[in-house]
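Student: Here you go, model.txt (compact mmCIF, C-alpha atoms and all ligand atoms):
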# COMPACT_ATOMS: atom_id res chain seq x y z
CA MET P 1077 -16.62 6.26 -18.24
CA ARG P 1078 -17.98 8.41 -21.08
CA SER P 1079 -18.41 6.96 -24.58
CA SER P 1080 -15.73 9.33 -25.91
CA ASP P 1081 -13.34 7.90 -23.30
CA LEU P 1082 -14.20 4.38 -24.39
CA ALA P 1083 -13.30 5.25 -27.96
CA LYS P 1084 -10.02 6.65 -26.71
CA LEU P 1085 -9.05 3.37 -25.02
CA LYS P 1086 -8.35 1.82 -28.40
CA ASP P 1087 -5.92 4.61 -29.33
CA VAL P 1088 -3.83 4.57 -26.16
CA PRO P 1089 -1.17 1.94 -26.51
CA PHE P 1090 0.92 2.82 -23.46
CA TYR P 1091 0.44 2.85 -19.73
CA TRP P 1092 1.75 5.48 -17.35
CA ASN P 1093 5.29 4.92 -16.26
CA ASP P 1094 6.82 6.80 -13.39
CA GLU P 1095 9.01 8.97 -15.57
CA GLN P 1096 5.88 11.00 -16.39
CA ARG P 1097 4.61 13.51 -13.86
CA LEU P 1098 1.05 13.18 -12.60
CA GLU P 1099 -1.45 16.02 -12.84
CA CYS P 1100 -3.99 16.48 -10.09
CA VAL P 1101 -7.40 16.52 -11.83
CA MET P 1102 -9.80 16.29 -8.90
CA VAL P 1103 -9.78 16.77 -5.14
CA MET P 1104 -12.62 15.09 -3.29
CA PRO P 1105 -13.22 15.69 0.43
CA GLU P 1106 -14.01 12.34 2.11
CA THR P 1107 -14.29 13.09 5.84
CA ARG P 1108 -13.37 16.08 8.02
CA ASN P 1109 -9.68 15.05 7.91
CA ALA P 1110 -9.28 13.13 4.64
CA LYS P 1111 -9.39 13.85 0.92
CA THR P 1112 -8.94 11.81 -2.23
CA PHE P 1113 -6.66 13.28 -4.91
CA PHE P 1114 -7.14 12.01 -8.46
CA PHE P 1115 -4.36 12.16 -11.04
CA LYS P 1116 -4.01 11.77 -14.78
CA VAL P 1117 -1.13 11.99 -17.20
CA ASP P 1118 -0.97 14.80 -19.77
CA ASP P 1119 -1.77 12.72 -22.82
CA ASP P 1120 -4.48 10.63 -21.17
CA GLN P 1121 -2.44 7.47 -20.93
CA LEU P 1122 -3.97 4.66 -18.93
CA PHE P 1123 -2.89 3.27 -15.58
CA ASN P 1124 -2.06 -0.38 -15.02
CA TYR P 1125 -1.59 -1.72 -11.50
CA GLU P 1126 -2.80 -4.37 -9.10
CA PRO P 1127 -5.69 -3.49 -6.74
CA GLY P 1128 -4.03 -2.82 -3.38
CA GLN P 1129 -0.72 -1.48 -4.76
CA PHE P 1130 0.72 1.90 -3.79
CA ILE P 1131 2.76 4.73 -5.27
CA THR P 1132 5.46 6.78 -3.59
CA ILE P 1133 5.20 10.49 -4.21
CA GLU P 1134 7.57 13.39 -3.75
CA VAL P 1135 6.01 15.85 -1.35
CA PRO P 1136 7.70 19.26 -1.69
CA THR P 1137 7.32 20.55 1.89
CA GLU P 1138 8.92 23.76 3.17
CA ASN P 1139 11.59 21.59 4.84
CA GLY P 1140 12.56 19.79 1.64
CA ILE P 1141 11.26 16.85 -0.35
CA LEU P 1142 9.67 13.98 1.57
CA HIS P 1143 8.99 10.64 -0.10
CA ARG P 1144 5.68 9.23 1.09
CA SER P 1145 3.88 6.05 0.04
CA TYR P 1146 0.11 6.02 -0.44
CA THR P 1147 -2.08 3.13 -1.52
CA LEU P 1148 -4.03 3.71 -4.71
CA SER P 1149 -7.61 3.78 -3.44
CA THR P 1150 -8.87 3.62 -7.03
CA THR P 1151 -9.20 0.39 -9.00
CA PRO P 1152 -7.34 -0.67 -12.15
CA SER P 1153 -10.73 -1.60 -13.61
CA ARG P 1154 -11.24 2.17 -14.08
CA PRO P 1155 -7.88 2.92 -15.73
CA LEU P 1156 -8.25 6.56 -16.85
CA SER P 1157 -7.03 8.00 -13.56
CA ILE P 1158 -5.52 6.98 -10.25
CA GLY P 1159 -6.28 8.32 -6.80
CA ILE P 1160 -4.78 8.37 -3.34
CA THR P 1161 -6.78 9.02 -0.19
CA VAL P 1162 -4.83 11.03 2.35
CA LYS P 1163 -5.79 11.31 6.00
CA ARG P 1164 -4.23 13.93 8.26
CA GLN P 1165 -1.67 12.30 10.56
CA GLU P 1166 -1.42 14.34 13.74
CA ASP P 1167 1.87 12.66 14.69
CA GLY P 1168 3.30 12.41 11.15
CA GLN P 1169 6.26 14.26 9.65
CA GLY P 1170 4.15 16.67 7.64
CA GLY P 1171 3.75 14.85 4.31
CA SER P 1172 0.03 14.20 4.63
CA ALA P 1173 -0.64 17.64 6.13
CA TRP P 1174 1.21 19.31 3.24
CA LEU P 1175 -0.84 17.42 0.66
CA LEU P 1176 -4.15 18.19 2.38
CA ASP P 1177 -3.32 21.87 2.78
CA ASN P 1178 -1.54 22.57 -0.51
CA LEU P 1179 -2.15 20.13 -3.35
CA LYS P 1180 -4.78 21.50 -5.71
CA LEU P 1181 -6.29 21.03 -9.14
CA GLY P 1182 -3.75 21.43 -11.95
CA ASP P 1183 -0.67 20.81 -9.76
CA SER P 1184 1.78 18.24 -11.01
CA ILE P 1185 3.71 15.83 -8.84
CA LYS P 1186 6.46 13.27 -9.25
CA ALA P 1187 5.54 9.74 -8.26
CA TYR P 1188 7.22 6.32 -8.34
CA GLY P 1189 5.61 2.95 -8.71
CA PRO P 1190 3.13 1.35 -8.62
CA SER P 1191 4.65 -1.08 -6.11
CA GLY P 1192 3.65 -3.64 -3.54
CA VAL P 1193 2.49 -7.23 -3.39
CA PHE P 1194 -0.55 -6.73 -1.14
CA SER P 1195 -3.28 -7.68 -3.60
CA CYS P 1196 -6.11 -10.18 -3.70
CA ARG P 1197 -5.19 -10.66 -7.34
CA SER P 1198 -1.98 -12.42 -6.27
CA HIS P 1199 -3.95 -14.69 -3.90
CA PRO P 1200 -7.10 -15.87 -5.66
CA ALA P 1201 -9.53 -17.40 -3.17
CA LYS P 1202 -13.18 -18.39 -2.92
CA LYS P 1203 -13.59 -16.49 0.36
CA TYR P 1204 -11.85 -13.37 1.63
CA LEU P 1205 -11.82 -11.59 4.95
CA PHE P 1206 -10.65 -7.97 4.73
CA ILE P 1207 -9.80 -6.36 8.09
CA SER P 1208 -8.71 -2.73 8.26
CA ALA P 1209 -8.52 0.25 10.56
CA GLY P 1210 -8.42 4.00 9.82
CA SER P 1211 -6.75 4.83 6.51
CA GLY P 1212 -5.89 1.12 6.21
CA ILE P 1213 -9.19 0.94 4.33
CA THR P 1214 -7.53 2.27 1.15
CA PRO P 1215 -6.19 -1.05 -0.24
CA MET P 1216 -9.47 -2.72 0.80
CA ILE P 1217 -11.61 -0.25 -1.17
CA SER P 1218 -9.34 -0.72 -4.19
CA MET P 1219 -9.73 -4.52 -3.99
CA LEU P 1220 -13.49 -4.30 -3.28
CA ARG P 1221 -14.05 -1.99 -6.25
CA TRP P 1222 -11.99 -4.28 -8.45
CA LEU P 1223 -13.82 -7.47 -7.37
CA TYR P 1224 -17.17 -5.65 -7.67
CA ASP P 1225 -16.43 -4.22 -11.13
CA TYR P 1226 -15.40 -7.61 -12.46
CA SER P 1227 -18.43 -9.28 -10.81
CA VAL P 1228 -16.12 -11.97 -9.50
CA HIS P 1229 -18.79 -13.19 -7.03
CA THR P 1230 -16.23 -14.01 -4.40
CA ASP P 1231 -17.53 -14.27 -0.85
CA ILE P 1232 -16.10 -11.21 0.92
CA THR P 1233 -16.50 -10.29 4.58
CA PHE P 1234 -15.17 -6.83 5.30
CA ILE P 1235 -14.49 -5.60 8.85
CA HIS P 1236 -13.39 -2.01 9.28
CA CYS P 1237 -12.55 -0.17 12.51
CA ALA P 1238 -12.71 3.62 12.82
CA ALA P 1239 -12.52 6.20 15.58
CA ARG P 1240 -16.17 7.16 15.06
CA PRO P 1241 -18.89 6.70 12.41
CA SER P 1242 -18.25 10.09 10.77
CA GLU P 1243 -14.63 9.07 10.14
CA ILE P 1244 -15.43 5.89 8.21
CA LEU P 1245 -13.98 6.43 4.76
CA PHE P 1246 -16.06 5.26 1.74
CA ARG P 1247 -18.91 4.16 4.02
CA ASP P 1248 -21.75 4.97 1.58
CA GLU P 1249 -20.00 3.34 -1.33
CA VAL P 1250 -19.16 0.13 0.55
CA GLU P 1251 -22.73 -0.14 1.88
CA HIS P 1252 -24.05 0.47 -1.64
CA MET P 1253 -21.86 -2.35 -3.00
CA SER P 1254 -22.94 -4.60 -0.15
CA LYS P 1255 -26.64 -3.91 -0.86
CA ARG P 1256 -26.27 -4.71 -4.54
CA ASP P 1257 -23.96 -7.72 -4.18
CA PRO P 1258 -25.02 -10.31 -1.58
CA ASP P 1259 -21.47 -11.75 -1.67
CA ILE P 1260 -20.15 -8.61 0.07
CA LYS P 1261 -20.85 -8.34 3.79
CA VAL P 1262 -19.62 -5.38 5.79
CA SER P 1263 -19.30 -4.71 9.53
CA TRP P 1264 -18.12 -1.42 10.98
CA ILE P 1265 -16.58 -1.20 14.46
CA VAL P 1266 -16.18 2.22 16.07
CA LYS P 1267 -14.37 3.33 19.19
CA ASP P 1268 -16.74 6.22 19.97
CA THR P 1269 -20.06 7.34 18.59
CA ASP P 1270 -20.86 10.76 17.12
CA ARG P 1271 -23.03 13.15 19.09
CA TYR P 1272 -26.65 13.33 17.93
CA ASP P 1273 -26.18 10.28 15.71
CA VAL P 1274 -27.64 6.85 16.44
CA TRP P 1275 -25.15 3.98 16.10
CA THR P 1276 -26.35 0.41 16.08
CA GLY P 1277 -23.15 -1.31 14.97
CA PHE P 1278 -20.24 -2.71 16.98
CA GLN P 1279 -18.44 -0.47 19.43
CA GLY P 1280 -15.09 -1.01 21.18
CA ARG P 1281 -11.81 -2.61 20.17
CA PHE P 1282 -11.79 -5.39 17.59
CA ASN P 1283 -11.49 -8.67 19.48
CA GLN P 1284 -11.80 -12.43 19.21
CA ILE P 1285 -15.53 -12.46 20.05
CA MET P 1286 -16.30 -9.90 17.32
CA LEU P 1287 -14.26 -11.94 14.83
CA GLU P 1288 -16.24 -15.09 15.62
CA LEU P 1289 -19.58 -13.26 15.46
CA ILE P 1290 -18.87 -11.48 12.18
CA ALA P 1291 -16.92 -14.20 10.36
CA PRO P 1292 -17.46 -17.55 12.09
CA ASP P 1293 -15.88 -19.28 9.09
CA PHE P 1294 -12.75 -17.07 9.16
CA ALA P 1295 -10.48 -20.15 9.25
CA SER P 1296 -11.44 -20.93 5.66
CA ARG P 1297 -10.85 -17.38 4.40
CA GLU P 1298 -7.83 -15.66 2.85
CA ILE P 1299 -7.25 -12.73 5.20
CA PHE P 1300 -5.97 -9.28 4.17
CA CYS P 1301 -5.22 -6.85 6.99
CA CYS P 1302 -4.13 -3.19 6.92
CA GLY P 1303 -3.89 -0.60 9.67
CA SER P 1304 -1.43 0.70 12.22
CA GLU P 1305 1.32 -1.63 13.44
CA GLY P 1306 -0.44 -1.96 16.81
CA PHE P 1307 -3.74 -2.85 15.13
CA MET P 1308 -2.18 -5.48 12.88
CA GLN P 1309 -0.30 -6.91 15.85
CA SER P 1310 -3.58 -7.34 17.72
CA VAL P 1311 -5.14 -9.05 14.69
CA ARG P 1312 -2.13 -11.39 14.44
CA ASP P 1313 -2.42 -12.15 18.18
CA ILE P 1314 -6.12 -13.06 17.77
CA LEU P 1315 -5.35 -15.28 14.79
CA HIS P 1316 -2.44 -17.00 16.56
CA ALA P 1317 -4.71 -17.66 19.55
CA GLU P 1318 -7.23 -19.23 17.14
CA GLU P 1319 -4.44 -21.30 15.56
CA PHE P 1320 -5.21 -19.74 12.19
CA ASP P 1321 -3.01 -20.90 9.31
CA MET P 1322 -0.88 -17.75 8.82
CA ALA P 1323 -0.02 -18.83 5.25
CA GLN P 1324 -3.52 -17.43 4.46
CA TYR P 1325 -2.75 -14.09 6.13
CA HIS P 1326 -1.41 -11.00 4.32
CA GLU P 1327 -0.80 -7.55 5.70
CA GLU P 1328 0.24 -4.14 4.41
CA SER P 1329 2.10 -1.60 6.41
CA PHE P 1330 4.07 1.57 5.87
CA GLY P 1331 5.48 1.46 9.40
CA ALA P 1332 8.36 -0.66 10.69
CA PRO P 1333 7.06 -4.17 11.38
CA ILE P 1334 6.80 -5.21 15.03
CA TYR P 1335 7.15 -8.94 15.49
CA THR P 1336 6.40 -11.06 18.50
CA GLN P 1337 8.24 -14.32 19.00
CA ALA P 1338 5.32 -16.17 17.38
CA ASP P 1339 5.69 -14.40 14.04
CA THR P 1340 9.34 -13.39 13.85
CA PRO P 1341 10.61 -14.41 10.41
CA GLU P 1342 13.63 -16.70 10.41
CA HIS P 1343 16.59 -15.96 8.15
CA ASP P 1344 19.16 -18.61 7.52
CA ASP P 1345 21.48 -16.67 5.22
CA VAL P 1346 24.82 -14.93 5.83
CA VAL P 1347 24.89 -12.11 8.35
CA PRO P 1348 27.00 -9.19 7.01
CA ALA P 1349 30.04 -8.42 9.14
CA ASP P 1350 31.38 -4.99 10.01
CA ASP P 1351 35.01 -6.02 9.47
CA VAL P 1352 34.57 -7.42 5.96
CA GLU P 1353 35.30 -5.19 2.96
CA ALA P 1354 32.96 -4.87 0.00
CA ALA P 1355 32.80 -2.64 -3.08
CA ILE P 1356 30.02 -1.04 -5.09
CA HIS P 1357 30.41 0.07 -8.70
CA PHE P 1358 27.93 2.72 -9.84
CA ASN P 1359 27.54 2.54 -13.62
CA SER P 1360 26.02 6.03 -14.00
CA LEU P 1361 29.17 7.66 -12.55
CA ASN P 1362 31.54 4.90 -13.60
CA THR P 1363 32.80 5.01 -10.02
CA GLU P 1364 33.73 2.26 -7.62
CA VAL P 1365 33.43 2.81 -3.87
CA ALA P 1366 34.94 0.65 -1.11
CA CYS P 1367 32.57 0.01 1.81
CA LYS P 1368 31.79 -2.41 4.64
CA GLN P 1369 29.52 -5.40 4.25
CA THR P 1370 27.18 -3.75 6.73
CA ASP P 1371 26.68 -0.53 4.69
CA THR P 1372 23.42 -0.34 2.76
CA LEU P 1373 23.57 0.37 -0.98
CA LEU P 1374 21.45 3.45 -0.26
CA SER P 1375 23.91 4.96 2.23
CA VAL P 1376 26.90 4.34 -0.06
CA ALA P 1377 25.03 5.88 -3.01
CA LYS P 1378 24.28 8.93 -0.88
CA GLU P 1379 27.98 9.32 -0.01
CA VAL P 1380 28.86 9.66 -3.70
CA GLY P 1381 25.97 12.03 -4.39
CA ILE P 1382 23.56 9.63 -6.07
CA VAL P 1383 19.99 10.26 -5.00
CA ILE P 1384 17.86 7.11 -4.88
CA PRO P 1385 14.23 7.85 -3.95
CA SER P 1386 13.38 6.24 -0.63
CA ALA P 1387 10.45 6.46 1.75
CA CYS P 1388 10.07 3.74 4.38
CA MET P 1389 13.75 2.68 4.80
CA PHE P 1390 12.92 -0.88 5.79
CA GLY P 1391 11.97 -2.70 2.63
CA VAL P 1392 8.22 -2.13 2.52
CA CYS P 1393 7.48 0.61 0.00
CA GLY P 1394 9.71 -0.46 -2.91
CA SER P 1395 10.57 3.14 -3.82
CA CYS P 1396 14.35 2.49 -3.60
CA LYS P 1397 14.27 -0.37 -6.13
CA ILE P 1398 17.36 -0.40 -8.37
CA LYS P 1399 18.85 -2.80 -10.90
CA LYS P 1400 21.91 -4.83 -9.98
CA THR P 1401 24.00 -5.83 -12.97
CA SER P 1402 26.30 -8.26 -11.17
CA GLY P 1403 27.44 -9.42 -7.76
CA GLU P 1404 25.63 -10.61 -4.65
CA VAL P 1405 23.75 -8.64 -2.00
CA HIS P 1406 22.35 -9.54 1.38
CA MET P 1407 18.76 -8.27 1.31
CA ILE P 1408 16.12 -8.66 4.02
CA HIS P 1409 12.99 -6.84 2.95
CA ASN P 1410 9.40 -6.64 4.13
CA GLY P 1411 7.51 -7.22 0.90
CA GLY P 1412 8.59 -4.15 -1.10
CA ILE P 1413 9.87 -6.25 -3.99
CA SER P 1414 8.40 -9.27 -5.77
CA ASP P 1415 10.16 -12.58 -6.42
CA ALA P 1416 9.95 -11.87 -10.15
CA GLU P 1417 11.73 -8.54 -9.69
CA VAL P 1418 14.45 -10.19 -7.60
CA GLU P 1419 14.82 -12.82 -10.35
CA SER P 1420 15.29 -9.99 -12.87
CA GLY P 1421 18.13 -8.51 -10.81
CA TYR P 1422 16.34 -5.77 -8.86
CA VAL P 1423 17.20 -5.04 -5.23
CA LEU P 1424 15.97 -2.61 -2.59
CA ALA P 1425 18.80 -0.18 -1.85
CA CYS P 1426 17.64 0.62 1.70
CA CYS P 1427 17.91 -2.95 2.95
CA SER P 1428 20.58 -4.50 0.72
CA ARG P 1429 24.24 -4.81 1.58
CA ALA P 1430 27.04 -5.73 -0.82
CA ILE P 1431 28.69 -9.11 -0.40
CA GLY P 1432 31.99 -8.74 -2.28
CA ARG P 1433 31.82 -6.56 -5.42
CA VAL P 1434 28.46 -5.40 -6.71
CA VAL P 1435 27.71 -3.47 -9.90
CA LEU P 1436 24.60 -1.27 -9.95
CA GLU P 1437 22.91 0.36 -12.93
CA VAL P 1438 22.44 3.66 -11.08
S1 LIG U 1 12.81 2.96 1.04
FE1 LIG U 1 11.05 1.75 1.11
S2 LIG U 1 11.73 -0.15 0.37
FE2 LIG U 1 13.50 1.02 0.46
What does this structure look like when you write it as structure tokens?
Tutor:
Amino acid sequence: MRSSDLAKLKDVPFYWNDEQRLECVMVMPETRNAKTFFFKVDDDQLFNYEPGQFITIEVPTENGILHRSYTLSTTPSRPLSIGITVKRQEDGQGGSAWLLDNLKLGDSIKAYGPSGVFSCRSHPAKKYLFISAGSGITPMISMLRWLYDYSVHTDITFIHCAARPSEILFRDEVEHMSKRDPDIKVSWIVKDTDRYDVWTGFQGRFNQIMLELIAPDFASREIFCCGSEGFMQSVRDILHAEEFDMAQYHEESFGAPIYTQADTPEHDDVVPADDVEAAIHFNSLNTEVACKQTDTLLSVAKEVGIVIPSACMFGVCGSCKIKKTSGEVHMIHNGGISDAEVESGYVLACCSRAIGRVVLEV
């Protein structure tokens, strides 16, 4: 931060809110298939978020607007800009590819958020174990930078898995932090090595033996995990086999959760029925629509022409959060909304269904 920026901090009373568009102010290549995009707001407002949270952005592809969620890889301890690190997804729907190929300095984008509850700040602990794979490193680097900047001196073991050494995002920076702060220990695990490059670290798939070698005291750590669904499933399987207390386990995912019998959440509330009528009143149109208990608020809104931003469609990203003025909904989400937001009347439109008559602010 420059001294002129420091002086500015005193004069900026407001934080970015998602009604303001973001301007791309820097594009930084990270690896052969990933870049970090940094954004600011026109009038240099600051950004306030939890390390590990994400934003959902509108990606204007040739086939229409896609809503895609990306973790903020930056840290709120450096509040003048935010950044997302985007890796090309060969099997994706084109959102990441569009950003990598088209987004450039000076472009402005619409974004929603920040959202998400995956943050070490919500789970203070003396010892952490961060486990990630591929672009799942983005919330980990945000939390590491935040803990490092604040000199929290928390004992952190960080395990990251990548396809090969040259694809490890933020490798130099993490190793630099680890060298300067003895509380941060890092282990990289790669599937393959790079040609002409010596690799002395772990190689293969992350497994129980590696866990015990790298973090023998893992049972006493608060664990944060992020990666593909398959990767997180394998981590959960290892932890279940070790009889780890899963109350100390947190994961972030932008894919539909896959549960085994061991970790299927139990719900004891009402199950919406297809043959029961409900009604939704939309305040913005002053219109009331009859629907079934099984219809989501999002689908009914769409029928009457109300566009609610949505990305994941299963209660993870939080982009479809709307305010409910009255009535009851049946909502089963996957972490895209906090208890405090639910208390204040917010619901996720993609995974909420009206029970009786519901009034929405949209
Ligand atoms: S669309 Fe992601 S939580 Fe609803």
Student: Hey, which bits of chain P sit within 7 Å of ligand LIG 1 (chain U), and for each residue what's the closest pair of atoms and how far apart in Å (one decimal), counting all atoms listed in the file, rows by chain and increasing number, as a tab-separated table?
Tutor:
residue	atom	partner	partner_atom	distance
P:Ser1386	CA	U:LIG1	S1	3.7
P:Ala1387	CA	U:LIG1	S1	4.3
P:Cys1388	CA	U:LIG1	FE1	4.0
P:Met1389	CA	U:LIG1	S1	3.9
P:Phe1390	CA	U:LIG1	S2	5.6
P:Gly1391	CA	U:LIG1	S2	3.4
P:Val1392	CA	U:LIG1	S2	4.6
P:Cys1393	CA	U:LIG1	FE1	3.9
P:Gly1394	CA	U:LIG1	S2	3.9
P:Ser1395	CA	U:LIG1	FE1	5.1
P:Cys1396	CA	U:LIG1	FE2	4.4
P:Lys1397	CA	U:LIG1	FE2	6.8
P:Gly1412	CA	U:LIG1	S2	5.3
P:Leu1424	CA	U:LIG1	FE2	5.3
P:Ala1425	CA	U:LIG1	FE2	5.9
P:Cys1426	CA	U:LIG1	FE2	4.3
P:Cys1427	CA	U:LIG1	FE2	6.4
Student: Take the residues just selected and output them with C-alpha atoms as a PDB file, keeping the file's coordinate frame.
Tutor:
ATOM      1  CA  SER P1386      13.380   6.240  -0.630  1.00  0.00           C
ATOM      2  CA  ALA P1387      10.450   6.460   1.750  1.00  0.00           C
ATOM      3  CA  CYS P1388      10.070   3.740   4.380  1.00  0.00           C
ATOM      4  CA  MET P1389      13.750   2.680   4.800  1.00  0.00           C
ATOM      5  CA  PHE P1390      12.920  -0.880   5.790  1.00  0.00           C
ATOM      6  CA  GLY P1391      11.970  -2.700   2.630  1.00  0.00           C
ATOM      7  CA  VAL P1392       8.220  -2.130   2.520  1.00  0.00           C
ATOM      8  CA  CYS P1393       7.480   0.610   0.000  1.00  0.00           C
ATOM      9  CA  GLY P1394       9.710  -0.460  -2.910  1.00  0.00           C
ATOM     10  CA  SER P1395      10.570   3.140  -3.820  1.00  0.00           C
ATOM     11  CA  CYS P1396      14.350   2.490  -3.600  1.00  0.00           C
ATOM     12  CA  LYS P1397      14.270  -0.370  -6.130  1.00  0.00           C
ATOM     13  CA  GLY P1412       8.590  -4.150  -1.100  1.00  0.00           C
ATOM     14  CA  LEU P1424      15.970  -2.610  -2.590  1.00  0.00           C
ATOM     15  CA  ALA P1425      18.800  -0.180  -1.850  1.00  0.00           C
ATOM     16  CA  CYS P1426      17.640   0.620   1.700  1.00  0.00           C
ATOM     17  CA  CYS P1427      17.910  -2.950   2.950  1.00  0.00           C
TER      18      CYS P1427
END
Student: Residues within 8 Å of P:Val1162, please, as a list in words. Count only C-alpha atoms; anything in the same chain fewer than 6 positions from it doesn't count.
Tutor: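 Listed by chain and then number, they are Ala1110, Lys1111, Thr1112, Phe1113, Tyr1146, Ser1172, Leu1175, Leu1176 and Ser1211 of chain P.
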Student: Find the residue from P:Pro1127, P:Ser1304, P:Trp1264, P:Ala1187 that sits nearest to P:Asp1225; use all atoms listed in the file when measuring.
Tutor: P:Pro1127
Student: Which residues are near stretch 1193-1202 of chain P? Cut-off 9 Å, all atoms listed in the file, ignore same chain within fewer than 4 positions. Put them as a ChimeraX atom specification.
Tutor: /P:1126-1129,1215,1219,1223,1229-1232,1297-1298,1300,1324,1326-1328,1411-1414
Student: When you look at P:Gln1284 with a cut-off of 12 Å (counting only C-alpha atoms), what residues show up, excluding the ones that are within fewer than 5 positions of it in the same chain? I need them as a JSON list (two decimals) with C-alpha atoms, in the coordinates of the input.
Tutor:
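Result written to part-v9.json:
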[["chain", "number", "residue", "atom", "x", "y", "z"],
["P", 1289, "LEU", "CA", -19.58, -13.26, 15.46],
["P", 1290, "ILE", "CA", -18.87, -11.48, 12.18],
["P", 1291, "ALA", "CA", -16.92, -14.20, 10.36],
["P", 1292, "PRO", "CA", -17.46, -17.55, 12.09],
["P", 1294, "PHE", "CA", -12.75, -17.07, 9.16],
["P", 1310, "SER", "CA", -3.58, -7.34, 17.72],
["P", 1311, "VAL", "CA", -5.14, -9.05, 14.69],
["P", 1312, "ARG", "CA", -2.13, -11.39, 14.44],
["P", 1313, "ASP", "CA", -2.42, -12.15, 18.18],
["P", 1314, "ILE", "CA", -6.12, -13.06, 17.77],
["P", 1315, "LEU", "CA", -5.35, -15.28, 14.79],
["P", 1316, "HIS", "CA", -2.44, -17.00, 16.56],
["P", 1317, "ALA", "CA", -4.71, -17.66, 19.55],
["P", 1318, "GLU", "CA", -7.23, -19.23, 17.14]]
Student: Output requested as a compact mmCIF listing (two decimals), in the frame of the given file - stretch 1154-1159 of chain P, filled out with all heavy atoms.
Tutor:
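Just written: selection.txt:
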# COMPACT_ATOMS: atom_id res chain seq x y z
N ARG P 1154 -10.86 0.84 -13.57
CA ARG P 1154 -11.24 2.17 -14.08
C ARG P 1154 -9.92 2.89 -14.37
O ARG P 1154 -9.45 3.69 -13.56
CB ARG P 1154 -12.07 2.93 -13.04
CG ARG P 1154 -13.30 2.14 -12.60
CD ARG P 1154 -14.02 2.76 -11.42
NE ARG P 1154 -14.76 1.75 -10.68
CZ ARG P 1154 -15.39 1.97 -9.53
NH1 ARG P 1154 -15.36 3.16 -8.97
NH2 ARG P 1154 -16.03 0.98 -8.92
N PRO P 1155 -9.30 2.60 -15.53
CA PRO P 1155 -7.88 2.92 -15.73
C PRO P 1155 -7.55 4.34 -16.20
O PRO P 1155 -6.40 4.65 -16.45
CB PRO P 1155 -7.47 1.92 -16.81
CG PRO P 1155 -8.71 1.70 -17.59
CD PRO P 1155 -9.88 1.86 -16.67
N LEU P 1156 -8.56 5.22 -16.31
CA LEU P 1156 -8.25 6.56 -16.85
C LEU P 1156 -7.58 7.48 -15.84
O LEU P 1156 -6.99 8.48 -16.21
CB LEU P 1156 -9.53 7.21 -17.37
CG LEU P 1156 -10.07 6.61 -18.66
CD1 LEU P 1156 -11.46 7.13 -18.96
CD2 LEU P 1156 -9.14 6.89 -19.82
N SER P 1157 -7.69 7.15 -14.56
CA SER P 1157 -7.03 8.00 -13.56
C SER P 1157 -6.66 7.12 -12.37
O SER P 1157 -7.13 5.99 -12.25
CB SER P 1157 -7.96 9.13 -13.11
OG SER P 1157 -9.10 8.60 -12.48
N ILE P 1158 -5.79 7.66 -11.53
CA ILE P 1158 -5.52 6.98 -10.25
C ILE P 1158 -5.80 7.96 -9.13
O ILE P 1158 -5.81 9.19 -9.34
CB ILE P 1158 -4.05 6.48 -10.13
CG1 ILE P 1158 -3.06 7.59 -10.48
CG2 ILE P 1158 -3.82 5.24 -10.93
CD1 ILE P 1158 -1.62 7.21 -10.21
N GLY P 1159 -6.00 7.44 -7.93
CA GLY P 1159 -6.28 8.32 -6.80
C GLY P 1159 -5.65 7.80 -5.52
O GLY P 1159 -5.49 6.59 -5.35
